[in-house]
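Below: one structure, written as structure tokens.
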Amino acid sequence: MSPYHPLTEQEAIDIARGIPGVLAADGDVTCREIGDGNLNLVFHVRQPSTGASLILKQALPYAKVVGESWPLSLDRARIESEKLILEGKLAPGLVPKVYHADHELALTVMEDLSSHVIMRQGLIDGGAYPLFAEHISDFMAKTLFFTSDLGMNQQEKKLLARSFANPDLCKITEDLIFDHPYTDADTNSFDPHLAEDAKRLRSDGALHLEVALLREKFLTRAQALLHGDLHTGSIFVTEQSTKVIDPEFSYYGPIGFDIGAVLANLLLHYASQEHWSADAASREARRSYLTSTVRDIWTLFDRKFRALWNEHGADRVFRTAGYQDDYMLRLLQDTAGFAGAKMVRRIVGLAHVADIDKIPDPNVRAAAQRLSLAIGTA
Ligand code: SR1
Ligand code: MG
């Protein structure tokens, strides 16, 4: 019989005590389940006497946001822990340390990042992160280049792709990003004042064609091992540090999907400035910070990815004159398309973003939502 069961807080403490070198043998230990995401349990274990702490993340066999009627494979926990370990090797310092993984319990024990803040909340609170573009472009350039056919052995890449096959989580993305917002799906959820906007999305044939092309890329283009869900809720930040978490959606897909996720969430935050900025001058300053960050992320990513390619590119054919420019242009086009699709889904689909949903005034919220839809569809 499988030993899997959702852990109690006491069991989480017992497991944490068994991790060498983190908690002292004596001294009280506290535990709190703090998971506020859509899918998993997250236990925060602390030892007040030493200040030591760690996180235990456990997958549930269903999507927590919907309930047991939406079963999900526990293998995503293996994928998450293996991807975190790989990312730690490829992009050191930009992910939490993994202390232990138990695939039978669908459990990953990792570094506590409480000294950081989730970037979405940090931005809502008015934070600015001057090193973020540098860090996230580094993370994406290294993790994406070194898992692509450009930067790793192409036979080993095929084997890696097999071990990161992630059908359940890909299906969530295929449905929630590349299908449901454009049809009358039960999972969709939007404010009543957006009924006409949602209806327009359902009847826009030109938009449907673009979304079909993006969906095809998501389904078929095994360019690199993606994070797969790289929104600002999957990133911890301080002004000096960036740590990417939650790669449970990882699979071999199109590189622009990861870059587009980061940019989309910065642009959703841009749209939310209808509320979070107090006046026109601060709104303009805040928006200028966000658009500069968007520009810097692409520019730095482009520069770093090309540099890795020029230094480590193993494939002779891919050094053909003009190929690199063609490849990077296609990445930029994909990035823009995926960013757009990701903005639209957060307004009319299942699972929204706090930047927009927490705007209290329905008229201001509607303005932010419509701006998000306008940017996304454009
Ligand atoms: C049912 S899961 C809904 C969303 O949460 C995750 O963070 C992904 O973005 C997914 O689409
Ligand atoms: Mg997540």
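By convention here, the chains of the structure tokens are called A, B, ... in the order presented, each chain's residues are numbered starting at 1, and ligands are numbered starting at 1 in the order presented.
For ligand 2, the protein and nucleic acid residues at most 9 Å away, judged by only C-alpha atoms and all ligand atoms, amount to A:Gly37, A:Asn38, A:Leu39, A:Asn40, A:Asp229, A:Leu230, A:His231, A:Gly233, A:Ser234, A:Ile245, A:Asp246, A:Pro247, A:Glu248, A:Phe249.
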Got time to write the residues from that selection, C-alpha atoms, as an mmCIF file, in the first residue's frame?
data_model
loop_
_atom_site.group_PDB
_atom_site.id
_atom_site.type_symbol
_atom_site.label_atom_id
_atom_site.label_comp_id
_atom_site.auth_asym_id
_atom_site.auth_seq_id
_atom_site.Cartn_x
_atom_site.Cartn_y
_atom_site.Cartn_z
ATOM 1 C CA GLY A 37 -1.559 28.573 -3.537
ATOM 2 C CA ASN A 38 -3.882 26.616 -5.778
ATOM 3 C CA LEU A 39 -2.509 23.099 -5.394
ATOM 4 C CA ASN A 40 -0.413 22.095 -2.372
ATOM 5 C CA ASP A 229 4.532 28.732 -14.162
ATOM 6 C CA LEU A 230 6.920 31.662 -13.808
ATOM 7 C CA HIS A 231 4.546 34.336 -12.507
ATOM 8 C CA GLY A 233 3.684 34.485 -7.196
ATOM 9 C CA SER A 234 6.431 31.937 -7.970
ATOM 10 C CA ILE A 245 10.158 28.608 -6.446
ATOM 11 C CA ASP A 246 7.353 26.219 -7.489
ATOM 12 C CA PRO A 247 8.539 24.552 -10.734
ATOM 13 C CA GLU A 248 5.865 21.833 -10.532
ATOM 14 C CA PHE A 249 4.593 22.776 -14.023
#
Checklist line | Distance query A:Val262 at most 8 Å, only C-alpha atoms, self and fewer than 3 positions along chain excluded, as a list in words | finding: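 Everything that qualifies: Leu230, His231, Thr232, Asp258, Ile259, Asn265, Leu266 and Ala339 of chain A.
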Margin query: Excluding A:Thr293 and its own-chain neighbours fewer than 4 positions away, which residues fall within 12 Å of it when counting only C-alpha atoms? Please give them as a PyMOL selection string.
Written below: chain A and resi 128-137+262-267+269-270+286-289+297-301
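Using only C-alpha atoms, the contacts of stretch 70-72 of chain A at a cut-off of 10 Å, with sequence neighbours closer than 3 positions omitted, comprise A:Leu39, A:Ala59, A:Leu60, A:Pro61, A:Tyr62, A:Ala63, A:Lys64, A:Val65, A:Val66, A:Gly67, A:Asp75, A:Arg76, A:Pro167, A:Asp168, A:Leu169, A:Ile172.
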Residues from the last selection, all heavy atoms, saved as a compact mmCIF listing (two decimals), in the first residue's frame:
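Once everything was written out, this is result12.txt:
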# COMPACT_ATOMS: atom_id res chain seq x y z
N LEU A 39 -2.64 24.55 -5.24
CA LEU A 39 -2.51 23.10 -5.39
C LEU A 39 -1.99 22.31 -4.19
O LEU A 39 -2.28 21.12 -4.10
CB LEU A 39 -1.56 22.79 -6.58
CG LEU A 39 -1.96 23.37 -7.94
CD1 LEU A 39 -0.89 23.03 -8.98
CD2 LEU A 39 -3.30 22.82 -8.40
N ALA A 59 2.48 17.78 -2.18
CA ALA A 59 1.42 17.82 -3.19
C ALA A 59 0.20 17.07 -2.69
O ALA A 59 0.31 16.06 -1.99
CB ALA A 59 1.93 17.19 -4.49
N LEU A 60 -0.97 17.59 -3.02
CA LEU A 60 -2.23 16.87 -2.77
C LEU A 60 -2.64 16.16 -4.06
O LEU A 60 -2.29 16.61 -5.15
CB LEU A 60 -3.32 17.87 -2.35
CG LEU A 60 -3.16 18.49 -0.97
CD1 LEU A 60 -4.09 19.69 -0.81
CD2 LEU A 60 -3.44 17.45 0.12
N PRO A 61 -3.39 15.07 -3.96
CA PRO A 61 -3.73 14.32 -5.18
C PRO A 61 -4.85 14.97 -6.00
O PRO A 61 -5.47 14.33 -6.83
CB PRO A 61 -4.16 12.95 -4.64
CG PRO A 61 -4.59 13.20 -3.25
CD PRO A 61 -3.84 14.38 -2.72
N TYR A 62 -5.13 16.23 -5.72
CA TYR A 62 -6.17 16.96 -6.46
C TYR A 62 -5.81 18.44 -6.43
O TYR A 62 -4.92 18.87 -5.66
CB TYR A 62 -7.55 16.72 -5.84
CG TYR A 62 -7.62 17.04 -4.37
CD1 TYR A 62 -7.88 18.33 -3.92
CD2 TYR A 62 -7.39 16.05 -3.42
CE1 TYR A 62 -7.91 18.63 -2.57
CE2 TYR A 62 -7.42 16.35 -2.05
CZ TYR A 62 -7.68 17.64 -1.64
OH TYR A 62 -7.71 17.95 -0.31
N ALA A 63 -6.48 19.23 -7.27
CA ALA A 63 -6.23 20.67 -7.30
C ALA A 63 -6.98 21.32 -6.14
O ALA A 63 -8.22 21.35 -6.13
CB ALA A 63 -6.68 21.26 -8.63
N LYS A 64 -6.24 21.83 -5.16
CA LYS A 64 -6.85 22.39 -3.94
C LYS A 64 -7.84 23.52 -4.28
O LYS A 64 -8.87 23.68 -3.64
CB LYS A 64 -5.73 22.93 -3.05
CG LYS A 64 -6.12 23.16 -1.62
CD LYS A 64 -4.89 23.42 -0.75
CE LYS A 64 -4.37 24.83 -0.89
NZ LYS A 64 -3.25 25.16 -0.01
N VAL A 65 -7.52 24.29 -5.33
CA VAL A 65 -8.34 25.44 -5.69
C VAL A 65 -9.76 25.02 -6.12
O VAL A 65 -10.71 25.80 -5.99
CB VAL A 65 -7.65 26.27 -6.79
CG1 VAL A 65 -7.54 25.52 -8.09
CG2 VAL A 65 -8.31 27.61 -7.02
N VAL A 66 -9.90 23.78 -6.61
CA VAL A 66 -11.22 23.31 -7.07
C VAL A 66 -11.78 22.26 -6.12
O VAL A 66 -12.96 22.28 -5.78
CB VAL A 66 -11.10 22.72 -8.50
CG1 VAL A 66 -12.41 22.12 -8.95
CG2 VAL A 66 -10.66 23.81 -9.48
N GLY A 67 -10.94 21.33 -5.68
CA GLY A 67 -11.40 20.27 -4.79
C GLY A 67 -11.11 18.90 -5.36
O GLY A 67 -10.48 18.76 -6.41
N ASP A 75 3.07 12.88 -9.07
CA ASP A 75 4.40 12.90 -9.68
C ASP A 75 4.91 14.33 -9.85
O ASP A 75 6.11 14.56 -10.02
CB ASP A 75 4.35 12.16 -11.03
CG ASP A 75 5.74 11.92 -11.60
OD1 ASP A 75 6.64 11.53 -10.83
OD2 ASP A 75 5.94 12.15 -12.81
N ARG A 76 4.02 15.29 -9.80
CA ARG A 76 4.48 16.68 -9.94
C ARG A 76 5.43 17.07 -8.81
O ARG A 76 6.26 17.97 -8.99
CB ARG A 76 3.28 17.64 -9.98
CG ARG A 76 2.50 17.78 -8.69
CD ARG A 76 1.28 18.64 -8.94
NE ARG A 76 0.62 19.12 -7.74
CZ ARG A 76 -0.28 18.44 -7.04
NH1 ARG A 76 -0.65 17.23 -7.44
NH2 ARG A 76 -0.83 18.97 -5.96
N PRO A 167 2.00 15.42 -17.97
CA PRO A 167 0.74 15.60 -18.69
C PRO A 167 -0.38 16.29 -17.90
O PRO A 167 -1.08 17.13 -18.47
CB PRO A 167 0.34 14.17 -19.08
CG PRO A 167 1.21 13.26 -18.30
CD PRO A 167 2.44 14.02 -17.91
N ASP A 168 -0.51 15.98 -16.61
CA ASP A 168 -1.62 16.58 -15.85
C ASP A 168 -1.48 18.10 -15.73
O ASP A 168 -2.45 18.85 -15.89
CB ASP A 168 -1.66 16.03 -14.42
CG ASP A 168 -2.27 14.66 -14.33
OD1 ASP A 168 -2.37 14.01 -15.38
OD2 ASP A 168 -2.61 14.25 -13.21
N LEU A 169 -0.25 18.51 -15.44
CA LEU A 169 -0.06 19.96 -15.23
C LEU A 169 -0.09 20.70 -16.57
O LEU A 169 -0.60 21.82 -16.66
CB LEU A 169 1.25 20.22 -14.46
CG LEU A 169 1.27 19.89 -12.95
CD1 LEU A 169 0.94 21.11 -12.12
CD2 LEU A 169 0.40 18.74 -12.53
N ILE A 172 -3.63 21.39 -17.45
CA ILE A 172 -4.18 22.59 -16.78
C ILE A 172 -3.89 23.82 -17.63
O ILE A 172 -4.76 24.65 -17.90
CB ILE A 172 -3.56 22.76 -15.37
CG1 ILE A 172 -4.05 21.65 -14.44
CG2 ILE A 172 -3.90 24.13 -14.80
CD1 ILE A 172 -3.46 21.73 -13.03
Proximity check stretch 240-263 of chain A to stretch 313-330 of chain A, 12 Å, nearest pairs one decimal Å, only C-alpha atoms, as JSON lines:
{"residue": "A:Pro254", "atom": "CA", "partner": "A:Arg330", "partner_atom": "CA", "distance": 10.4}
{"residue": "A:Ile255", "atom": "CA", "partner": "A:Arg330", "partner_atom": "CA", "distance": 10.0}
{"residue": "A:Gly256", "atom": "CA", "partner": "A:Arg330", "partner_atom": "CA", "distance": 8.7}
Check: Looking at only C-alpha atoms and all ligand atoms, which of A:Ala374, A:Ala367, A:Ala351, A:Leu214 is the one that sits closest to ligand 1?
Finding: A:Ala351
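Taking only C-alpha atoms and all ligand atoms into account, ligand 1 lies nearest to A:Leu176 out of the set A:Leu176, A:Leu290, A:Ile124, A:Leu268.
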Next item on the list: Going by DSSP on the backbone, which bits of stretch 137-241 of chain A are helix (DSSP H, G or I)? Write them as an MDAnalysis selection string, please.
Entry: chainID A and resid 137:145 154:163 167:176 180:182 192:202 205:220 232:234
Could those residues be written to a file, using C-alpha atoms, as a PDB file, in the first residue's frame?
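Dumped to part-v2.pdb:
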ATOM      1  CA  SER A 137      17.321  37.105 -16.961  1.00  0.00           C
ATOM      2  CA  ASP A 138      20.241  35.123 -15.534  1.00  0.00           C
ATOM      3  CA  PHE A 139      17.912  32.419 -14.247  1.00  0.00           C
ATOM      4  CA  MET A 140      16.075  32.121 -17.553  1.00  0.00           C
ATOM      5  CA  ALA A 141      19.136  32.345 -19.812  1.00  0.00           C
ATOM      6  CA  LYS A 142      21.001  29.616 -17.887  1.00  0.00           C
ATOM      7  CA  THR A 143      18.153  27.195 -17.157  1.00  0.00           C
ATOM      8  CA  LEU A 144      16.720  27.494 -20.678  1.00  0.00           C
ATOM      9  CA  PHE A 145      19.955  27.527 -22.687  1.00  0.00           C
ATOM     10  CA  GLN A 154      20.889  16.331 -27.791  1.00  0.00           C
ATOM     11  CA  GLN A 155      20.439  12.629 -26.960  1.00  0.00           C
ATOM     12  CA  GLU A 156      20.565  13.328 -23.216  1.00  0.00           C
ATOM     13  CA  LYS A 157      18.026  16.090 -23.763  1.00  0.00           C
ATOM     14  CA  LYS A 158      15.536  13.545 -25.141  1.00  0.00           C
ATOM     15  CA  LEU A 159      15.960  11.397 -22.029  1.00  0.00           C
ATOM     16  CA  LEU A 160      15.575  14.442 -19.769  1.00  0.00           C
ATOM     17  CA  ALA A 161      12.393  15.386 -21.638  1.00  0.00           C
ATOM     18  CA  ARG A 162      11.027  11.893 -20.926  1.00  0.00           C
ATOM     19  CA  SER A 163      11.593  12.197 -17.178  1.00  0.00           C
ATOM     20  CA  PRO A 167       0.738  15.599 -18.690  1.00  0.00           C
ATOM     21  CA  ASP A 168      -1.625  16.581 -15.850  1.00  0.00           C
ATOM     22  CA  LEU A 169      -0.059  19.959 -15.228  1.00  0.00           C
ATOM     23  CA  CYS A 170       0.332  20.665 -18.952  1.00  0.00           C
ATOM     24  CA  LYS A 171      -3.373  19.886 -19.359  1.00  0.00           C
ATOM     25  CA  ILE A 172      -4.179  22.589 -16.778  1.00  0.00           C
ATOM     26  CA  THR A 173      -2.251  25.110 -18.874  1.00  0.00           C
ATOM     27  CA  GLU A 174      -3.680  23.863 -22.174  1.00  0.00           C
ATOM     28  CA  ASP A 175      -7.207  24.289 -20.794  1.00  0.00           C
ATOM     29  CA  LEU A 176      -6.899  27.368 -18.624  1.00  0.00           C
ATOM     30  CA  HIS A 180     -11.261  28.167 -21.710  1.00  0.00           C
ATOM     31  CA  PRO A 181     -10.950  31.992 -21.878  1.00  0.00           C
ATOM     32  CA  TYR A 182     -12.188  31.800 -25.480  1.00  0.00           C
ATOM     33  CA  PRO A 192     -20.377  40.490 -13.989  1.00  0.00           C
ATOM     34  CA  HIS A 193     -19.271  43.899 -15.337  1.00  0.00           C
ATOM     35  CA  LEU A 194     -16.942  42.013 -17.730  1.00  0.00           C
ATOM     36  CA  ALA A 195     -19.718  39.972 -19.372  1.00  0.00           C
ATOM     37  CA  GLU A 196     -19.536  41.897 -22.656  1.00  0.00           C
ATOM     38  CA  ASP A 197     -15.702  41.845 -22.696  1.00  0.00           C
ATOM     39  CA  ALA A 198     -15.736  38.073 -22.153  1.00  0.00           C
ATOM     40  CA  LYS A 199     -18.300  37.680 -24.912  1.00  0.00           C
ATOM     41  CA  ARG A 200     -16.050  39.610 -27.321  1.00  0.00           C
ATOM     42  CA  LEU A 201     -13.173  37.247 -26.489  1.00  0.00           C
ATOM     43  CA  ARG A 202     -15.419  34.319 -27.411  1.00  0.00           C
ATOM     44  CA  GLY A 205     -11.839  34.917 -34.814  1.00  0.00           C
ATOM     45  CA  ALA A 206      -8.484  36.652 -35.429  1.00  0.00           C
ATOM     46  CA  LEU A 207      -7.600  36.288 -31.744  1.00  0.00           C
ATOM     47  CA  HIS A 208      -8.667  32.626 -31.770  1.00  0.00           C
ATOM     48  CA  LEU A 209      -6.242  31.976 -34.634  1.00  0.00           C
ATOM     49  CA  GLU A 210      -3.340  33.532 -32.675  1.00  0.00           C
ATOM     50  CA  VAL A 211      -4.262  31.522 -29.597  1.00  0.00           C
ATOM     51  CA  ALA A 212      -4.427  28.332 -31.704  1.00  0.00           C
ATOM     52  CA  LEU A 213      -0.879  29.022 -32.961  1.00  0.00           C
ATOM     53  CA  LEU A 214       0.350  29.564 -29.378  1.00  0.00           C
ATOM     54  CA  ARG A 215      -1.442  26.426 -28.196  1.00  0.00           C
ATOM     55  CA  GLU A 216       0.263  24.434 -30.948  1.00  0.00           C
ATOM     56  CA  LYS A 217       3.646  25.752 -29.800  1.00  0.00           C
ATOM     57  CA  PHE A 218       2.875  24.884 -26.179  1.00  0.00           C
ATOM     58  CA  LEU A 219       1.831  21.357 -27.191  1.00  0.00           C
ATOM     59  CA  THR A 220       4.641  20.567 -29.627  1.00  0.00           C
ATOM     60  CA  THR A 232       5.343  36.824  -9.735  1.00  0.00           C
ATOM     61  CA  GLY A 233       3.684  34.485  -7.196  1.00  0.00           C
ATOM     62  CA  SER A 234       6.431  31.937  -7.970  1.00  0.00           C
TER      63      SER A 234
END
